[in-house]
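*Asks:* This is data23.cif (mmCIF, C-alpha atoms).
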```
data_upload
loop_
_atom_site.group_PDB
_atom_site.id
_atom_site.type_symbol
_atom_site.label_atom_id
_atom_site.label_comp_id
_atom_site.auth_asym_id
_atom_site.auth_seq_id
_atom_site.Cartn_x
_atom_site.Cartn_y
_atom_site.Cartn_z
ATOM 1 C CA MET A 7 0.000 0.000 0.000
ATOM 2 C CA SER A 8 1.399 3.396 -0.914
ATOM 3 C CA LYS A 9 2.307 6.044 1.626
ATOM 4 C CA ILE A 10 -0.624 8.088 2.861
ATOM 5 C CA GLN A 11 -0.390 11.677 1.725
ATOM 6 C CA THR A 12 -2.338 14.774 2.659
ATOM 7 C CA GLY A 13 -3.476 17.735 0.637
ATOM 8 C CA ARG A 14 -2.620 20.297 3.266
ATOM 9 C CA ASN A 15 -0.269 23.193 2.508
ATOM 10 C CA LEU A 16 2.286 22.325 5.201
ATOM 11 C CA PRO A 17 4.191 25.656 5.438
ATOM 12 C CA LEU A 18 0.968 27.690 5.511
ATOM 13 C CA ALA A 19 -0.772 25.328 7.916
ATOM 14 C CA SER A 20 2.253 25.321 10.234
ATOM 15 C CA ALA A 21 2.508 29.113 10.247
ATOM 16 C CA ILE A 22 -1.194 29.544 10.980
ATOM 17 C CA GLY A 23 -0.991 26.860 13.669
ATOM 18 C CA LEU A 24 1.884 28.670 15.397
ATOM 19 C CA ILE A 25 -0.036 31.932 15.346
ATOM 20 C CA LEU A 26 -3.117 30.305 16.862
ATOM 21 C CA ILE A 27 -1.211 28.544 19.635
ATOM 22 C CA SER A 28 0.644 31.773 20.411
ATOM 23 C CA LEU A 29 -2.678 33.567 20.851
ATOM 24 C CA VAL A 30 -3.852 30.842 23.205
ATOM 25 C CA ILE A 31 -0.677 31.004 25.305
ATOM 26 C CA ALA A 32 -0.749 34.785 25.479
ATOM 27 C CA SER A 33 -4.403 34.895 26.468
ATOM 28 C CA LEU A 34 -3.990 32.202 29.147
ATOM 29 C CA PHE A 35 -0.951 33.576 30.916
ATOM 30 C CA ILE A 36 -1.503 37.306 30.430
ATOM 31 C CA ASN A 37 -5.236 37.545 31.088
ATOM 32 C CA LYS A 38 -7.558 34.579 31.651
ATOM 33 C CA TYR A 39 -10.579 36.584 30.568
ATOM 34 C CA ALA A 40 -8.930 37.193 27.197
ATOM 35 C CA PHE A 41 -8.845 33.415 26.812
ATOM 36 C CA VAL A 42 -12.542 33.202 27.689
ATOM 37 C CA ILE A 43 -13.336 35.703 24.925
ATOM 38 C CA LEU A 44 -11.071 33.889 22.442
ATOM 39 C CA ALA A 45 -12.637 30.524 23.306
ATOM 40 C CA LEU A 46 -16.175 31.887 22.979
ATOM 41 C CA ALA A 47 -15.409 33.437 19.599
ATOM 42 C CA SER A 48 -14.002 30.102 18.366
ATOM 43 C CA LEU A 49 -16.996 28.124 19.635
ATOM 44 C CA LEU A 50 -19.523 30.506 18.082
ATOM 45 C CA LEU A 51 -17.714 30.493 14.734
ATOM 46 C CA ALA A 52 -17.721 26.683 14.787
ATOM 47 C CA ALA A 53 -21.423 26.638 15.660
ATOM 48 C CA ARG A 54 -22.162 28.981 12.775
ATOM 49 C CA GLU A 55 -20.311 26.690 10.368
ATOM 50 C CA ILE A 56 -22.300 23.635 11.475
ATOM 51 C CA VAL A 57 -25.642 25.438 11.244
ATOM 52 C CA THR A 58 -24.760 26.761 7.790
ATOM 53 C CA GLN A 59 -23.568 23.431 6.388
ATOM 54 C CA TRP A 60 -26.509 21.488 7.798
ATOM 55 C CA SER A 61 -28.909 23.992 6.277
ATOM 56 C CA LYS A 62 -27.166 23.802 2.871
ATOM 57 C CA THR A 63 -26.809 20.044 2.628
ATOM 58 C CA LYS A 64 -29.716 18.676 4.684
ATOM 59 C CA ASN A 65 -32.168 21.585 4.504
ATOM 60 C CA VAL A 66 -32.462 21.546 8.295
ATOM 61 C CA SER A 67 -32.147 25.003 9.823
ATOM 62 C CA ALA A 68 -31.390 25.258 13.506
ATOM 63 C CA SER A 69 -31.678 28.707 15.068
ATOM 64 C CA PHE A 70 -28.135 30.031 15.219
ATOM 65 C CA PRO A 71 -29.059 32.845 17.661
ATOM 66 C CA LEU A 72 -30.527 30.302 20.098
ATOM 67 C CA VAL A 73 -27.645 27.866 19.674
ATOM 68 C CA ALA A 74 -25.140 30.701 20.152
ATOM 69 C CA LEU A 75 -27.003 31.947 23.219
ATOM 70 C CA SER A 76 -26.979 28.415 24.641
ATOM 71 C CA ILE A 77 -23.217 28.043 24.164
ATOM 72 C CA LEU A 78 -22.641 31.504 25.605
ATOM 73 C CA ALA A 79 -24.834 30.783 28.640
ATOM 74 C CA MET A 80 -23.213 27.428 29.360
ATOM 75 C CA THR A 81 -19.665 28.730 29.018
ATOM 76 C CA VAL A 82 -20.114 31.934 31.002
ATOM 77 C CA SER A 83 -22.168 30.174 33.696
ATOM 78 C CA SER A 84 -19.340 27.679 34.104
ATOM 79 C CA VAL A 85 -16.850 30.509 34.579
ATOM 80 C CA LEU A 86 -19.025 32.240 37.182
ATOM 81 C CA TYR A 87 -20.815 29.408 38.984
ATOM 82 C CA GLY A 88 -18.941 26.212 38.185
ATOM 83 C CA VAL A 89 -20.691 22.875 37.670
ATOM 84 C CA THR A 90 -23.995 24.198 39.036
ATOM 85 C CA GLY A 91 -23.997 26.952 36.441
ATOM 86 C CA LEU A 92 -23.235 24.474 33.673
ATOM 87 C CA ILE A 93 -26.076 22.128 34.663
ATOM 88 C CA LEU A 94 -28.691 24.868 35.016
ATOM 89 C CA SER A 95 -27.717 26.586 31.764
ATOM 90 C CA PHE A 96 -27.750 23.250 29.917
ATOM 91 C CA VAL A 97 -31.260 22.479 31.167
ATOM 92 C CA GLY A 98 -32.400 25.964 30.131
ATOM 93 C CA SER A 99 -30.810 25.557 26.701
ATOM 94 C CA PHE A 100 -32.468 22.175 26.269
ATOM 95 C CA MET A 101 -35.893 23.641 27.002
ATOM 96 C CA VAL A 102 -35.533 26.798 24.892
ATOM 97 C CA ASN A 103 -34.217 24.950 21.836
ATOM 98 C CA GLY A 104 -36.904 22.310 22.276
ATOM 99 C CA ILE A 105 -39.632 24.953 22.246
ATOM 100 C CA TYR A 106 -38.166 26.577 19.140
ATOM 101 C CA SER A 107 -37.892 23.214 17.367
ATOM 102 C CA PHE A 108 -41.542 22.491 18.127
ATOM 103 C CA ILE A 109 -42.657 25.877 16.787
ATOM 104 C CA ALA A 110 -40.485 25.551 13.645
ATOM 105 C CA ARG A 111 -41.472 21.927 12.930
ATOM 106 C CA LYS A 112 -43.360 22.953 9.756
ATOM 107 C CA GLN A 113 -40.019 23.877 8.130
ATOM 108 C CA SER A 114 -38.601 20.471 8.964
ATOM 109 C CA SER A 115 -39.356 17.748 11.493
ATOM 110 C CA PHE A 116 -39.071 18.507 15.203
ATOM 111 C CA ARG A 117 -36.644 15.626 15.524
ATOM 112 C CA SER A 118 -34.322 17.002 12.832
ATOM 113 C CA ILE A 119 -34.269 20.577 14.097
ATOM 114 C CA PHE A 120 -33.937 19.687 17.761
ATOM 115 C CA GLY A 121 -31.413 16.951 17.021
ATOM 116 C CA ILE A 122 -28.929 19.236 15.287
ATOM 117 C CA SER A 123 -29.525 22.035 17.812
ATOM 118 C CA LEU A 124 -28.911 19.664 20.708
ATOM 119 C CA PHE A 125 -25.752 18.312 19.091
ATOM 120 C CA ILE A 126 -24.281 21.767 18.497
ATOM 121 C CA PHE A 127 -24.890 23.340 21.892
ATOM 122 C CA SER A 128 -24.062 20.115 23.746
ATOM 123 C CA TYR A 129 -20.880 19.241 21.863
ATOM 124 C CA LEU A 130 -19.462 22.755 21.702
ATOM 125 C CA GLY A 131 -21.049 24.145 24.857
ATOM 126 C CA ILE A 132 -19.910 21.338 27.146
ATOM 127 C CA PHE A 133 -16.468 21.370 25.519
ATOM 128 C CA GLY A 134 -16.107 25.080 26.244
ATOM 129 C CA SER A 135 -17.596 24.749 29.713
ATOM 130 C CA LEU A 136 -15.167 22.010 30.741
ATOM 131 C CA ALA A 137 -12.260 24.215 29.672
ATOM 132 C CA MET A 138 -13.704 27.001 31.836
ATOM 133 C CA LEU A 139 -14.123 24.652 34.808
ATOM 134 C CA MET A 140 -10.428 23.782 34.531
ATOM 135 C CA LEU A 141 -9.560 27.465 34.268
ATOM 136 C CA ARG A 142 -11.353 28.211 37.568
ATOM 137 C CA VAL A 143 -8.862 26.297 39.731
ATOM 138 C CA GLU A 144 -5.592 27.754 41.020
ATOM 139 C CA ASP A 145 -3.410 26.081 38.395
ATOM 140 C CA GLY A 146 -6.133 26.370 35.760
ATOM 141 C CA ALA A 147 -4.046 28.231 33.193
ATOM 142 C CA GLY A 148 -1.497 25.416 33.259
ATOM 143 C CA ARG A 149 -4.168 22.726 32.907
ATOM 144 C CA VAL A 150 -5.829 24.423 29.950
ATOM 145 C CA PHE A 151 -2.507 25.169 28.285
ATOM 146 C CA LEU A 152 -1.434 21.541 28.576
ATOM 147 C CA PHE A 153 -4.783 20.253 27.335
ATOM 148 C CA ILE A 154 -4.470 22.379 24.195
ATOM 149 C CA ALA A 155 -0.719 21.912 23.714
ATOM 150 C CA ILE A 156 -0.829 18.124 24.135
ATOM 151 C CA THR A 157 -3.667 17.930 21.618
ATOM 152 C CA ALA A 158 -1.729 20.123 19.178
ATOM 153 C CA LEU A 159 1.427 18.005 19.576
ATOM 154 C CA SER A 160 -0.637 14.857 19.090
ATOM 155 C CA ASP A 161 -2.071 16.243 15.845
ATOM 156 C CA THR A 162 1.385 17.311 14.670
ATOM 157 C CA GLY A 163 2.968 13.975 15.546
ATOM 158 C CA GLY A 164 0.238 12.051 13.786
ATOM 159 C CA TYR A 165 0.408 14.252 10.719
ATOM 160 C CA LEU A 166 4.197 14.087 10.316
ATOM 161 C CA THR A 167 4.420 10.363 11.026
ATOM 162 C CA GLY A 168 1.570 9.701 8.624
ATOM 163 C CA ILE A 169 3.367 11.584 5.858
ATOM 164 C CA LEU A 170 6.676 9.796 6.441
ATOM 165 C CA ILE A 171 5.667 6.190 7.053
ATOM 166 C CA GLY A 172 1.864 6.014 7.076
ATOM 167 C CA LYS A 173 0.637 2.974 5.140
ATOM 168 C CA HIS A 174 -2.137 1.250 7.076
ATOM 169 C CA ARG A 175 -5.407 3.138 7.206
ATOM 170 C CA ILE A 176 -7.492 3.176 10.374
ATOM 171 C CA ALA A 177 -10.873 3.931 8.805
ATOM 172 C CA PRO A 178 -10.516 4.430 5.032
ATOM 173 C CA ASN A 179 -14.235 4.995 4.493
ATOM 174 C CA ILE A 180 -14.241 7.844 7.018
ATOM 175 C CA SER A 181 -10.768 9.372 6.858
ATOM 176 C CA PRO A 182 -8.543 7.961 4.082
ATOM 177 C CA LYS A 183 -5.465 9.800 5.358
ATOM 178 C CA LYS A 184 -5.585 8.594 8.973
ATOM 179 C CA SER A 185 -3.079 5.767 9.552
ATOM 180 C CA TYR A 186 -2.097 3.482 12.415
ATOM 181 C CA GLU A 187 1.469 4.687 12.007
ATOM 182 C CA GLY A 188 0.206 8.240 12.433
ATOM 183 C CA LEU A 189 -1.648 7.197 15.593
ATOM 184 C CA VAL A 190 1.597 5.817 17.017
ATOM 185 C CA GLY A 191 3.268 9.130 16.193
ATOM 186 C CA SER A 192 0.457 10.985 17.956
ATOM 187 C CA ILE A 193 0.885 8.847 21.074
ATOM 188 C CA VAL A 194 4.674 9.284 21.143
ATOM 189 C CA PHE A 195 4.601 13.070 20.639
ATOM 190 C CA ALA A 196 1.742 13.655 23.083
ATOM 191 C CA SER A 197 3.063 11.305 25.787
ATOM 192 C CA LEU A 198 6.627 12.618 25.741
ATOM 193 C CA PHE A 199 5.482 16.224 25.773
ATOM 194 C CA ALA A 200 3.010 15.627 28.616
ATOM 195 C CA GLY A 201 5.522 13.587 30.630
ATOM 196 C CA LEU A 202 8.457 15.973 30.214
ATOM 197 C CA ILE A 203 6.769 19.369 30.018
ATOM 198 C CA GLY A 204 3.562 18.745 31.989
ATOM 199 C CA PRO A 205 5.255 18.768 35.433
ATOM 200 C CA LYS A 206 6.646 22.236 34.702
ATOM 201 C CA PHE A 207 3.117 23.684 34.517
ATOM 202 C CA VAL A 208 1.127 21.604 37.004
ATOM 203 C CA ASP A 209 1.997 19.299 39.895
ATOM 204 C CA ILE A 210 1.913 15.946 38.114
ATOM 205 C CA GLN A 211 4.488 13.152 37.937
ATOM 206 C CA PHE A 212 6.243 12.003 34.766
ATOM 207 C CA SER A 213 4.203 8.779 34.714
ATOM 208 C CA GLU A 214 0.952 10.721 35.120
ATOM 209 C CA GLY A 215 1.932 12.977 32.237
ATOM 210 C CA ILE A 216 2.668 9.949 30.050
ATOM 211 C CA LEU A 217 -0.786 8.561 30.822
ATOM 212 C CA ILE A 218 -2.467 11.903 30.088
ATOM 213 C CA GLY A 219 -0.634 12.196 26.773
ATOM 214 C CA PHE A 220 -1.526 8.634 25.791
ATOM 215 C CA VAL A 221 -5.231 9.091 26.570
ATOM 216 C CA LEU A 222 -5.462 12.471 24.824
ATOM 217 C CA ALA A 223 -3.752 11.097 21.704
ATOM 218 C CA ILE A 224 -6.292 8.272 21.485
ATOM 219 C CA CYS A 225 -9.340 10.421 22.266
ATOM 220 C CA GLY A 226 -8.181 13.215 19.972
ATOM 221 C CA THR A 227 -7.932 10.739 17.105
ATOM 222 C CA VAL A 228 -11.438 9.482 17.881
ATOM 223 C CA GLY A 229 -12.691 13.088 17.836
ATOM 224 C CA ASP A 230 -10.993 13.674 14.495
ATOM 225 C CA LEU A 231 -12.621 10.560 13.035
ATOM 226 C CA PHE A 232 -15.993 11.580 14.449
ATOM 227 C CA GLU A 233 -15.769 14.988 12.777
ATOM 228 C CA SER A 234 -14.663 13.324 9.530
ATOM 229 C CA SER A 235 -17.717 11.066 9.662
ATOM 230 C CA ILE A 236 -19.930 14.154 9.946
ATOM 231 C CA LYS A 237 -18.261 15.673 6.887
ATOM 232 C CA ARG A 238 -18.796 12.434 4.994
ATOM 233 C CA LYS A 239 -22.468 12.540 5.971
ATOM 234 C CA LEU A 240 -22.733 16.109 4.691
ATOM 235 C CA GLY A 241 -20.594 15.466 1.605
ATOM 236 C CA ILE A 242 -18.110 18.268 2.325
ATOM 237 C CA LYS A 243 -14.315 18.485 2.594
ATOM 238 C CA ASP A 244 -14.179 21.233 5.239
ATOM 239 C CA PHE A 245 -16.775 23.146 7.211
ATOM 240 C CA SER A 246 -15.478 26.413 5.770
ATOM 241 C CA SER A 247 -12.313 28.044 4.427
ATOM 242 C CA LEU A 248 -12.024 30.423 7.380
ATOM 243 C CA ILE A 249 -8.510 29.360 8.434
ATOM 244 C CA PRO A 250 -6.037 29.071 5.514
ATOM 245 C CA GLY A 251 -4.423 25.657 5.424
ATOM 246 C CA HIS A 252 -6.755 24.250 8.068
ATOM 247 C CA GLY A 253 -10.348 24.610 6.886
ATOM 248 C CA GLY A 254 -13.042 25.888 9.196
ATOM 249 C CA MET A 255 -13.053 26.555 12.921
ATOM 250 C CA PHE A 256 -14.935 23.317 13.629
ATOM 251 C CA ASP A 257 -12.252 21.481 11.658
ATOM 252 C CA ARG A 258 -9.712 22.770 14.210
ATOM 253 C CA LEU A 259 -11.778 21.901 17.270
ATOM 254 C CA ASP A 260 -12.391 18.257 16.347
ATOM 255 C CA SER A 261 -9.665 16.782 18.578
ATOM 256 C CA LEU A 262 -10.051 19.368 21.327
ATOM 257 C CA ALA A 263 -13.701 18.622 22.087
ATOM 258 C CA PRO A 264 -13.314 15.056 23.443
ATOM 259 C CA ASN A 265 -9.961 15.956 24.985
ATOM 260 C CA ALA A 266 -11.592 18.668 27.075
ATOM 261 C CA LEU A 267 -13.578 15.977 28.872
ATOM 262 C CA MET A 268 -10.610 13.646 29.329
ATOM 263 C CA SER A 269 -8.349 16.482 30.485
ATOM 264 C CA PHE A 270 -10.945 17.655 33.004
ATOM 265 C CA LEU A 271 -11.247 14.117 34.402
ATOM 266 C CA LEU A 272 -7.533 13.224 34.402
ATOM 267 C CA PHE A 273 -6.260 16.503 35.816
ATOM 268 C CA GLY A 274 -9.068 16.351 38.368
ATOM 269 C CA LEU A 275 -8.081 12.798 39.306
ATOM 270 C CA PHE A 276 -4.405 13.660 39.768
ATOM 271 C CA LEU A 277 -4.702 17.210 41.117
ATOM 272 C CA GLY A 278 -8.253 17.579 42.418
ATOM 273 C CA PHE A 279 -11.275 19.222 40.860
ATOM 274 C CA ASN A 280 -11.192 22.349 43.049
#
```
Would you write the structure of this file as structure tokens?

*Replies:*
Amino acid sequence: MSKIQTGRNLPLASAIGLILISLVIASLFINKYAFVILALASLLLAAREIVTQWSKTKNVSASFPLVALSILAMTVSSVLYGVTGLILSFVGSFMVNGIYSFIARKQSSFRSIFGISLFIFSYLGIFGSLAMLMLRVEDGAGRVFLFIAITALSDTGGYLTGILIGKHRIAPNISPKKSYEGLVGSIVFASLFAGLIGPKFVDIQFSEGILIGFVLAICGTVGDLFESSIKRKLGIKDFSSLIPGHGGMFDRLDSLAPNALMSFLLFGLFLGFN
């Protein structure tokens, strides 16, 4: 089987990636609230892309204002009131979007409208909220930085290894370019970074960092495949062309979403949730 190649413009994608990660680092360690604003902007852009693509390809129109309000409420409530705020805002979002879907059922079925609305504000809203819950603790900036940096290193390791030696596809019908060799590269990059660099930002041991890196590499790959399956369902290559060399905002959040949950749980297990 021939080597798996990608169609990404590597120099452009790398430059854009460095700029994005620099913004994240600056916002986290200079002003946490700047990170909150940056995260919210990213989540809302991703939500807009999903709503737009679903409307174009499936003729199912969720209410972007309501979905955006739901994500905003869940994220901000998590910053201000923690888990209680997240739960209450999620319940409120569930009810409000359900009412809208019932009223708009003549445009499409209630199940279709509510289903896509629920997916968007749950997937993106909970992802953002978990990042904010990590940010609330004393070493929160370090936890969030590591969660994002480990995911980025995992993506980079998988991409480079896949280009160099990738031959055996994981799920060719979903993501033809994703290889087992690339997955090994993701695990190695993420685990070494988390084990060696993680203890410099938060109070974890080398072995704990290795475990965190391993889990995030696996879950990030699953998130990537999940997002690819959605694109296959919609018949699109990217959710938008917003970010040169990368695609849309949702295309960049694919690995981060599941890793937010795993990071919240693992850092909480090793360091405490408060």

*Asks:* Under the PyMOL selection byres ((chain A and resi 122) around 9), which residues of this model are included? Write them out as a ChimeraX atom specification.

*Replies:* /A:56-57,60,66-68,117-121,123-127

*Asks:* Could you write out that same residue set with C-alpha atoms as an mmCIF file, in the coordinates of the input?

*Replies:*
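What landed in result.cif:
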```
data_model
loop_
_atom_site.group_PDB
_atom_site.id
_atom_site.type_symbol
_atom_site.label_atom_id
_atom_site.label_comp_id
_atom_site.auth_asym_id
_atom_site.auth_seq_id
_atom_site.Cartn_x
_atom_site.Cartn_y
_atom_site.Cartn_z
ATOM 1 C CA ILE A 56 -22.300 23.635 11.475
ATOM 2 C CA VAL A 57 -25.642 25.438 11.244
ATOM 3 C CA TRP A 60 -26.509 21.488 7.798
ATOM 4 C CA VAL A 66 -32.462 21.546 8.295
ATOM 5 C CA SER A 67 -32.147 25.003 9.823
ATOM 6 C CA ALA A 68 -31.390 25.258 13.506
ATOM 7 C CA ARG A 117 -36.644 15.626 15.524
ATOM 8 C CA SER A 118 -34.322 17.002 12.832
ATOM 9 C CA ILE A 119 -34.269 20.577 14.097
ATOM 10 C CA PHE A 120 -33.937 19.687 17.761
ATOM 11 C CA GLY A 121 -31.413 16.951 17.021
ATOM 12 C CA SER A 123 -29.525 22.035 17.812
ATOM 13 C CA LEU A 124 -28.911 19.664 20.708
ATOM 14 C CA PHE A 125 -25.752 18.312 19.091
ATOM 15 C CA ILE A 126 -24.281 21.767 18.497
ATOM 16 C CA PHE A 127 -24.890 23.340 21.892
#
```

*Asks:* Tell me which protein, DNA and RNA residues are within 10 Å of range 130-138 of chain A, counting all atoms listed in the file, leaving out same-chain ones fewer than 6 positions away, and put them as a tab-separated table (two decimals) with C-alpha atoms, in the frame of the given file.

*Replies:*
```tsv
chain	number	residue	atom	x	y	z
A	38	LYS	CA	-7.56	34.58	31.65
A	41	PHE	CA	-8.85	33.42	26.81
A	42	VAL	CA	-12.54	33.20	27.69
A	45	ALA	CA	-12.64	30.52	23.31
A	46	LEU	CA	-16.18	31.89	22.98
A	48	SER	CA	-14.00	30.10	18.37
A	49	LEU	CA	-17.00	28.12	19.64
A	50	LEU	CA	-19.52	30.51	18.08
A	52	ALA	CA	-17.72	26.68	14.79
A	53	ALA	CA	-21.42	26.64	15.66
A	73	VAL	CA	-27.64	27.87	19.67
A	74	ALA	CA	-25.14	30.70	20.15
A	75	LEU	CA	-27.00	31.95	23.22
A	76	SER	CA	-26.98	28.42	24.64
A	77	ILE	CA	-23.22	28.04	24.16
A	78	LEU	CA	-22.64	31.50	25.60
A	79	ALA	CA	-24.83	30.78	28.64
A	80	MET	CA	-23.21	27.43	29.36
A	81	THR	CA	-19.66	28.73	29.02
A	82	VAL	CA	-20.11	31.93	31.00
A	83	SER	CA	-22.17	30.17	33.70
A	84	SER	CA	-19.34	27.68	34.10
A	85	VAL	CA	-16.85	30.51	34.58
A	86	LEU	CA	-19.02	32.24	37.18
A	88	GLY	CA	-18.94	26.21	38.18
A	89	VAL	CA	-20.69	22.88	37.67
A	91	GLY	CA	-24.00	26.95	36.44
A	92	LEU	CA	-23.24	24.47	33.67
A	93	ILE	CA	-26.08	22.13	34.66
A	95	SER	CA	-27.72	26.59	31.76
A	96	PHE	CA	-27.75	23.25	29.92
A	124	LEU	CA	-28.91	19.66	20.71
A	146	GLY	CA	-6.13	26.37	35.76
A	147	ALA	CA	-4.05	28.23	33.19
A	149	ARG	CA	-4.17	22.73	32.91
A	150	VAL	CA	-5.83	24.42	29.95
A	151	PHE	CA	-2.51	25.17	28.28
A	153	PHE	CA	-4.78	20.25	27.34
A	154	ILE	CA	-4.47	22.38	24.20
A	256	PHE	CA	-14.94	23.32	13.63
A	259	LEU	CA	-11.78	21.90	17.27
A	260	ASP	CA	-12.39	18.26	16.35
A	262	LEU	CA	-10.05	19.37	21.33
A	263	ALA	CA	-13.70	18.62	22.09
A	264	PRO	CA	-13.31	15.06	23.44
A	265	ASN	CA	-9.96	15.96	24.98
A	266	ALA	CA	-11.59	18.67	27.08
A	267	LEU	CA	-13.58	15.98	28.87
A	268	MET	CA	-10.61	13.65	29.33
A	269	SER	CA	-8.35	16.48	30.48
A	270	PHE	CA	-10.94	17.66	33.00
A	271	LEU	CA	-11.25	14.12	34.40
```

*Asks:* Name every residue that the PyMOL selection byres ((chain A and resi 257) around 12) selects in this structure, writing the answer as a VMD selection string with chains first and numbers rising.

*Replies:* chain A and resid 48 to 49 51 to 53 55 to 56 229 to 237 242 to 256 258 to 263

*Asks:* Separation of CA of Ser69 in chain A and CA of Tyr129 in chain A, in Å?

*Replies:*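 Going from CA of Ser69 in chain A over to CA of Tyr129 in chain A, I get 15.9 Å.
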
*Asks:* Using all atoms listed in the file, collect all residues at a distance of at most 10 Å from (0.0, 10.9, 36.5) as written in the file, then present them as a ChimeraX atom specification.

*Replies:* /A:200-201,204-205,209-219,272-273,275-277

*Asks:* Looking at all atoms listed in the file, which of A:Val208, A:Ile171, A:Phe199, A:Gln113 is the one that sits closest to Ser61 in chain A?

*Replies:*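 Among A:Val208, A:Ile171, A:Phe199, A:Gln113, it is A:Gln113 that comes nearest to Ser61 in chain A.
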
*Asks:* Quick one: distance from CA of Ile105 in chain A to CA of Pro71 in chain A in Å, one decimal?

*Replies:* 14.0 Å

*Asks:* Residues around (6.4, 8.2, 10.8), cut-off 7 Å, counting only C-alpha atoms - what are they as a ChimeraX atom specification?

*Replies:* /A:166-172,187-188,191

*Asks:* Could you check how far CA of Lys64 in chain A sits from CA of Asn179 in chain A, in Å to one decimal?

*Replies:* 20.7 Å

*Asks:* So what does the PyMOL selection byres ((chain A and resi 177) around 12) actually pick up in this one, as a compact mmCIF listing (two decimals) with C-alpha atoms, in the frame of the given file?

*Replies:*
```txt
# COMPACT_ATOMS: atom_id res chain seq x y z
CA HIS A 174 -2.14 1.25 7.08
CA ARG A 175 -5.41 3.14 7.21
CA ILE A 176 -7.49 3.18 10.37
CA PRO A 178 -10.52 4.43 5.03
CA ASN A 179 -14.24 5.00 4.49
CA ILE A 180 -14.24 7.84 7.02
CA SER A 181 -10.77 9.37 6.86
CA PRO A 182 -8.54 7.96 4.08
CA LYS A 183 -5.46 9.80 5.36
CA LYS A 184 -5.58 8.59 8.97
CA SER A 185 -3.08 5.77 9.55
CA TYR A 186 -2.10 3.48 12.42
CA LEU A 189 -1.65 7.20 15.59
CA THR A 227 -7.93 10.74 17.10
CA VAL A 228 -11.44 9.48 17.88
CA ASP A 230 -10.99 13.67 14.50
CA LEU A 231 -12.62 10.56 13.04
CA PHE A 232 -15.99 11.58 14.45
CA SER A 234 -14.66 13.32 9.53
CA SER A 235 -17.72 11.07 9.66
```

*Asks:* Restricting the calculation to all atoms listed in the file, which member of A:Leu159, A:Ile27, A:Tyr106, A:Leu240 is positioned closest to Phe70 in chain A?

*Replies:*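 Distance minimum relative to Phe70 in chain A lands on A:Tyr106.
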